Each structure stands twice: as structure tokens, then as C-alpha cells.
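S.K.: Here's a structure for you.
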Amino acid sequence: MGIYHGELVGEVRIVLDMHERKAAMAQEADVFIAFPGRGYGTMEELLEMITWAQLGIHKKLVGLLKVDDNYNSLLALFNNGVEEGFIKCCAWNILVSASSTKELMMKMEDPAMSSHFYLNM
């Protein structure tokens, strides 16, 4: 739920636990976008959606909006994981990041991005 142009949009859904919340997100979402969060929950949900894509549970792009470069250290950690062989190069393609909403949407809407993701998984 959020506010868009001064109006409340979305819905509040009561769930039993985080697993039920993420399963509903995975079923109903077209893509996943992580905005700057205020705790471990945002990172945990982001990493689970990346993991689910890697395991083939869903085939949806995962976006990361890095406002004020707030996720640069996390992206550096992922990059280091690829360089050291802990993360497969093709798994790096699951995550799309950008510094502005407009740039992120342009990247995620690019048909080449989706086809590149599917071909490498």
C-alpha cells in the first residue's frame, strides 16, 4: 500500500507469516522492486525473490532502486560473490539496479533484459 499523487493505492492483506506474504507476492506480482528499506526485512525479501528466481520458482525480474547509492555495498558484495565463484554469472542477471525510478523502469521494460534473464537461467 502506498500513496500515489495524494491518493491511497493498494490493499492491506492480513497474512499469517512472512512465507505466506512472499508466496502471495510471487503469485501476484509481474516483477519485484526493492526500494530503500529500514531494516533486514527488505533485504531478506529481496534475497528470497532472487533465490526463488535462481531456483526456477518464478521467472520475474527483480529490481533494486538504489537511491543515493544506498545499495552500492550490497551490489559490491554480490559482484564479489560472482568474482570468487560463489554466485554464478548467470544469476547476476536476475537483479536489475538503477539510481532512479525512470531508469529502473526503462531497464525492466526492455525486452532484451527479460529474454537475457530467461536464456541464462
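Chain identifiers are assigned as A, B, and so on, following the order in which chains appear in the C-alpha cells; residues are numbered from 1 within each chain, and ligands are numbered from 1 in order of appearance.
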Leaving out Ile33 (chain A) and any residue of its chain fewer than 5 positions from it, which residues lie within 7 Å of it when counting only C-alpha atoms, given as a ChimeraX atom specification?
M.R.: /A:62-64
S.K.: Taking only residues of region 74-116 of chain A that have an atom at most 12 Å from an atom of region 43-50 of chain A, what is each one's shortest atom pair and its distance in Å to one decimal, using only C-alpha atoms, in chain and number order, as a Markdown table?
M.R.:
```
| residue | atom | partner | partner_atom | distance |
| --- | --- | --- | --- | --- |
| A:Leu74 | CA | A:Met43 | CA | 9.3 |
| A:Leu75 | CA | A:Met43 | CA | 11.7 |
| A:Phe78 | CA | A:Leu47 | CA | 10.7 |
| A:Ile87 | CA | A:Ile50 | CA | 11.5 |
| A:Cys90 | CA | A:Ile50 | CA | 11.9 |
| A:Ala91 | CA | A:Ile50 | CA | 8.3 |
| A:Trp92 | CA | A:Ile50 | CA | 9.3 |
| A:Asn93 | CA | A:Ile50 | CA | 9.9 |
| A:Ile94 | CA | A:Ile50 | CA | 6.5 |
| A:Leu95 | CA | A:Ile50 | CA | 7.1 |
| A:Val96 | CA | A:Ile50 | CA | 10.6 |
```
S.K.: Print the selection's residues with C-alpha atoms to a file, as a PDB file, in the first residue's frame.
M.R.:
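Result file is part-v4.pdb:
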```
ATOM      1  CA  LEU A  74      25.240  -4.841  -1.291  1.00  0.00           C
ATOM      2  CA  LEU A  75      25.833  -4.814  -5.055  1.00  0.00           C
ATOM      3  CA  PHE A  78      27.142  -9.676  -4.962  1.00  0.00           C
ATOM      4  CA  ILE A  87      27.400 -16.777  -7.338  1.00  0.00           C
ATOM      5  CA  CYS A  90      24.026 -16.007 -14.983  1.00  0.00           C
ATOM      6  CA  ALA A  91      22.443 -15.473 -11.557  1.00  0.00           C
ATOM      7  CA  TRP A  92      23.804 -11.908 -11.580  1.00  0.00           C
ATOM      8  CA  ASN A  93      21.340 -11.224 -14.432  1.00  0.00           C
ATOM      9  CA  ILE A  94      18.358 -11.772 -12.133  1.00  0.00           C
ATOM     10  CA  LEU A  95      18.904  -8.406 -10.471  1.00  0.00           C
ATOM     11  CA  VAL A  96      18.385  -5.114 -12.294  1.00  0.00           C
TER      12      VAL A  96
END
```
S.K.: Provide the CA of Asp110 (chain A) to CA of Leu61 (chain A) distance in Å, to one decimal place.
M.R.: 11.0 Å
S.K.: Check the smallest atom-to-atom distance from each of A:Lys107, A:Trp52, A:Glu84, A:Ser99 to Asp69 (chain A) using only C-alpha atoms, then report the winner.
M.R.: A:Ser99
S.K.: Return as a ChimeraX atom specification the full set of residues in chain A whose backbone-based DSSP assignment is strand (DSSP E).
M.R.: /A:2-4,7-9,32-34,62-65,95-98
S.K.: When you count only C-alpha atoms, which of these residues is closest to Asn72 (chain A): A:Met106, A:Ala98, A:Ala29, A:Ala24?
M.R.: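 Of A:Met106, A:Ala98, A:Ala29, A:Ala24, the one nearest Asn72 (chain A), counting only C-alpha atoms, is A:Ala98.
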S.K.: Using only C-alpha atoms, determine which residues lie at most 10 Å from Ser100 (chain A), disregarding the query and same-chain residues fewer than 3 positions distant; provide the list as a PyMOL selection string.
M.R.: chain A and resi 64-68+97+103-106
S.K.: Which residue is closest to Phe32 (chain A)? Choose from A:Met18, A:Ala53, A:Val82, A:Met113 and count only C-alpha atoms.
M.R.: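 Once distances to Phe32 (chain A) are computed over only C-alpha atoms, the minimum belongs to A:Ala53.
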S.K.: How would you write, as a list in words, the set of residues in region 29-58 of chain A that DSSP gives as helix (DSSP H, G or I)?
M.R.: Tyr40, Gly41, Thr42, Met43, Glu44, Glu45, Leu46, Leu47, Glu48, Met49, Ile50, Thr51, Trp52, Ala53, Gln54 and Leu55 of chain A
S.K.: Could those residues be written to a file, using all heavy atoms, as a short mmCIF file (atom, residue, chain, number, x, y, z; two decimals), in the first residue's frame?
M.R.:
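To be explicit, this is the file written out as selection_22.cif:
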```
data_model
loop_
_atom_site.label_atom_id
_atom_site.label_comp_id
_atom_site.auth_asym_id
_atom_site.auth_seq_id
_atom_site.Cartn_x
_atom_site.Cartn_y
_atom_site.Cartn_z
N TYR A 40 16.26 -5.30 8.00
CA TYR A 40 16.64 -6.56 7.37
C TYR A 40 15.51 -7.15 6.54
O TYR A 40 15.76 -7.93 5.62
CB TYR A 40 17.06 -7.59 8.43
CG TYR A 40 18.36 -7.24 9.12
CD1 TYR A 40 18.41 -7.04 10.48
CD2 TYR A 40 19.54 -7.15 8.39
CE1 TYR A 40 19.60 -6.74 11.11
CE2 TYR A 40 20.74 -6.85 9.01
CZ TYR A 40 20.76 -6.65 10.37
OH TYR A 40 21.93 -6.35 11.00
N GLY A 41 14.27 -6.81 6.84
CA GLY A 41 13.13 -7.38 6.11
C GLY A 41 13.19 -7.11 4.62
O GLY A 41 12.93 -8.01 3.82
N THR A 42 13.54 -5.89 4.24
CA THR A 42 13.63 -5.55 2.83
C THR A 42 14.71 -6.40 2.15
O THR A 42 14.48 -6.96 1.08
CB THR A 42 13.95 -4.06 2.64
OG1 THR A 42 12.93 -3.29 3.29
CG2 THR A 42 14.03 -3.68 1.18
N MET A 43 15.87 -6.51 2.79
CA MET A 43 16.94 -7.31 2.20
C MET A 43 16.57 -8.79 2.16
O MET A 43 16.87 -9.48 1.18
CB MET A 43 18.24 -7.12 2.98
CG MET A 43 19.01 -5.92 2.50
SD MET A 43 20.72 -6.00 3.02
CE MET A 43 20.64 -4.95 4.45
N GLU A 44 15.91 -9.26 3.19
CA GLU A 44 15.52 -10.68 3.24
C GLU A 44 14.54 -10.98 2.11
O GLU A 44 14.69 -12.00 1.42
CB GLU A 44 14.90 -10.99 4.61
CG GLU A 44 14.71 -12.47 4.87
CD GLU A 44 13.39 -13.01 4.35
OE1 GLU A 44 12.44 -12.23 4.19
OE2 GLU A 44 13.33 -14.22 4.09
N GLU A 45 13.56 -10.12 1.90
CA GLU A 45 12.59 -10.34 0.82
C GLU A 45 13.28 -10.25 -0.54
O GLU A 45 13.00 -11.04 -1.44
CB GLU A 45 11.45 -9.33 0.92
CG GLU A 45 10.51 -9.62 2.07
CD GLU A 45 9.41 -8.60 2.20
OE1 GLU A 45 9.49 -7.51 1.60
OE2 GLU A 45 8.44 -8.90 2.91
N LEU A 46 14.17 -9.29 -0.71
CA LEU A 46 14.92 -9.14 -1.96
C LEU A 46 15.71 -10.41 -2.25
O LEU A 46 15.64 -10.97 -3.34
CB LEU A 46 15.86 -7.94 -1.87
CG LEU A 46 16.88 -7.79 -3.00
CD1 LEU A 46 16.18 -7.42 -4.30
CD2 LEU A 46 17.92 -6.74 -2.63
N LEU A 47 16.46 -10.88 -1.28
CA LEU A 47 17.29 -12.07 -1.47
C LEU A 47 16.45 -13.32 -1.72
O LEU A 47 16.83 -14.18 -2.52
CB LEU A 47 18.23 -12.26 -0.28
CG LEU A 47 19.30 -11.17 -0.15
CD1 LEU A 47 20.06 -11.34 1.16
CD2 LEU A 47 20.24 -11.19 -1.32
N GLU A 48 15.31 -13.42 -1.07
CA GLU A 48 14.46 -14.59 -1.31
C GLU A 48 13.90 -14.57 -2.72
O GLU A 48 13.86 -15.61 -3.39
CB GLU A 48 13.33 -14.68 -0.30
CG GLU A 48 12.52 -15.95 -0.50
CD GLU A 48 12.04 -16.57 0.79
OE1 GLU A 48 12.19 -15.98 1.87
OE2 GLU A 48 11.48 -17.68 0.71
N MET A 49 13.49 -13.41 -3.24
CA MET A 49 12.97 -13.34 -4.60
C MET A 49 14.08 -13.65 -5.62
O MET A 49 13.83 -14.30 -6.63
CB MET A 49 12.35 -11.98 -4.88
CG MET A 49 11.04 -11.72 -4.12
SD MET A 49 9.78 -13.00 -4.39
CE MET A 49 9.72 -13.80 -2.79
N ILE A 50 15.31 -13.21 -5.33
CA ILE A 50 16.44 -13.56 -6.19
C ILE A 50 16.67 -15.08 -6.15
O ILE A 50 16.84 -15.72 -7.19
CB ILE A 50 17.72 -12.80 -5.76
CG1 ILE A 50 17.56 -11.30 -6.05
CG2 ILE A 50 18.95 -13.36 -6.45
CD1 ILE A 50 18.66 -10.45 -5.43
N THR A 51 16.65 -15.64 -4.97
CA THR A 51 16.86 -17.08 -4.81
C THR A 51 15.77 -17.88 -5.50
O THR A 51 16.05 -18.87 -6.19
CB THR A 51 16.92 -17.45 -3.31
OG1 THR A 51 17.98 -16.72 -2.70
CG2 THR A 51 17.15 -18.94 -3.11
N TRP A 52 14.51 -17.46 -5.34
CA TRP A 52 13.41 -18.16 -5.99
C TRP A 52 13.56 -18.13 -7.50
O TRP A 52 13.26 -19.10 -8.18
CB TRP A 52 12.06 -17.57 -5.57
CG TRP A 52 11.63 -17.95 -4.18
CD1 TRP A 52 12.36 -18.57 -3.22
CD2 TRP A 52 10.35 -17.71 -3.61
NE1 TRP A 52 11.62 -18.73 -2.08
CE2 TRP A 52 10.38 -18.20 -2.28
CE3 TRP A 52 9.19 -17.10 -4.05
CZ2 TRP A 52 9.29 -18.13 -1.43
CZ3 TRP A 52 8.10 -17.03 -3.20
CH2 TRP A 52 8.15 -17.54 -1.91
N ALA A 53 14.02 -17.00 -8.04
CA ALA A 53 14.26 -16.91 -9.49
C ALA A 53 15.36 -17.89 -9.89
O ALA A 53 15.25 -18.60 -10.90
CB ALA A 53 14.62 -15.49 -9.90
N GLN A 54 16.42 -17.93 -9.11
CA GLN A 54 17.54 -18.83 -9.41
C GLN A 54 17.10 -20.29 -9.37
O GLN A 54 17.55 -21.10 -10.17
CB GLN A 54 18.67 -18.59 -8.40
CG GLN A 54 19.92 -19.35 -8.71
CD GLN A 54 21.06 -19.02 -7.75
OE1 GLN A 54 20.91 -18.27 -6.80
NE2 GLN A 54 22.21 -19.60 -7.98
N LEU A 55 16.19 -20.61 -8.48
CA LEU A 55 15.69 -21.98 -8.35
C LEU A 55 14.57 -22.31 -9.34
O LEU A 55 14.12 -23.45 -9.42
CB LEU A 55 15.19 -22.23 -6.92
CG LEU A 55 16.25 -22.17 -5.82
CD1 LEU A 55 15.59 -22.26 -4.45
CD2 LEU A 55 17.29 -23.25 -6.01
#
```
S.K.: Looking at A:Val15, A:Gly56, A:Glu7, A:Thr101, which one is nearest to Ala34 (chain A), with distances taken over only C-alpha atoms?
M.R.: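 Going through A:Val15, A:Gly56, A:Glu7, A:Thr101 one by one, the smallest distance to Ala34 (chain A) is for A:Thr101.
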S.K.: Mind pulling up the distance from CA of Tyr71 (chain A) to CA of Lys22 (chain A)?
M.R.: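 Taking CA of Lys22 (chain A) as the start and CA of Tyr71 (chain A) as the end point, the length is 21.4 Å.
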S.K.: Have a look at A:Glu109, A:Arg21, A:Val31, A:Gly81 and name the one nearest to Lys60 (chain A); count only C-alpha atoms.
M.R.: A:Val31
S.K.: Have a look at CA of Glu11 (chain A) and CA of Phe35 (chain A) and let me know their distance in Å, one decimal.
M.R.: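 Computing it gives 18.1 Å between the two atoms.
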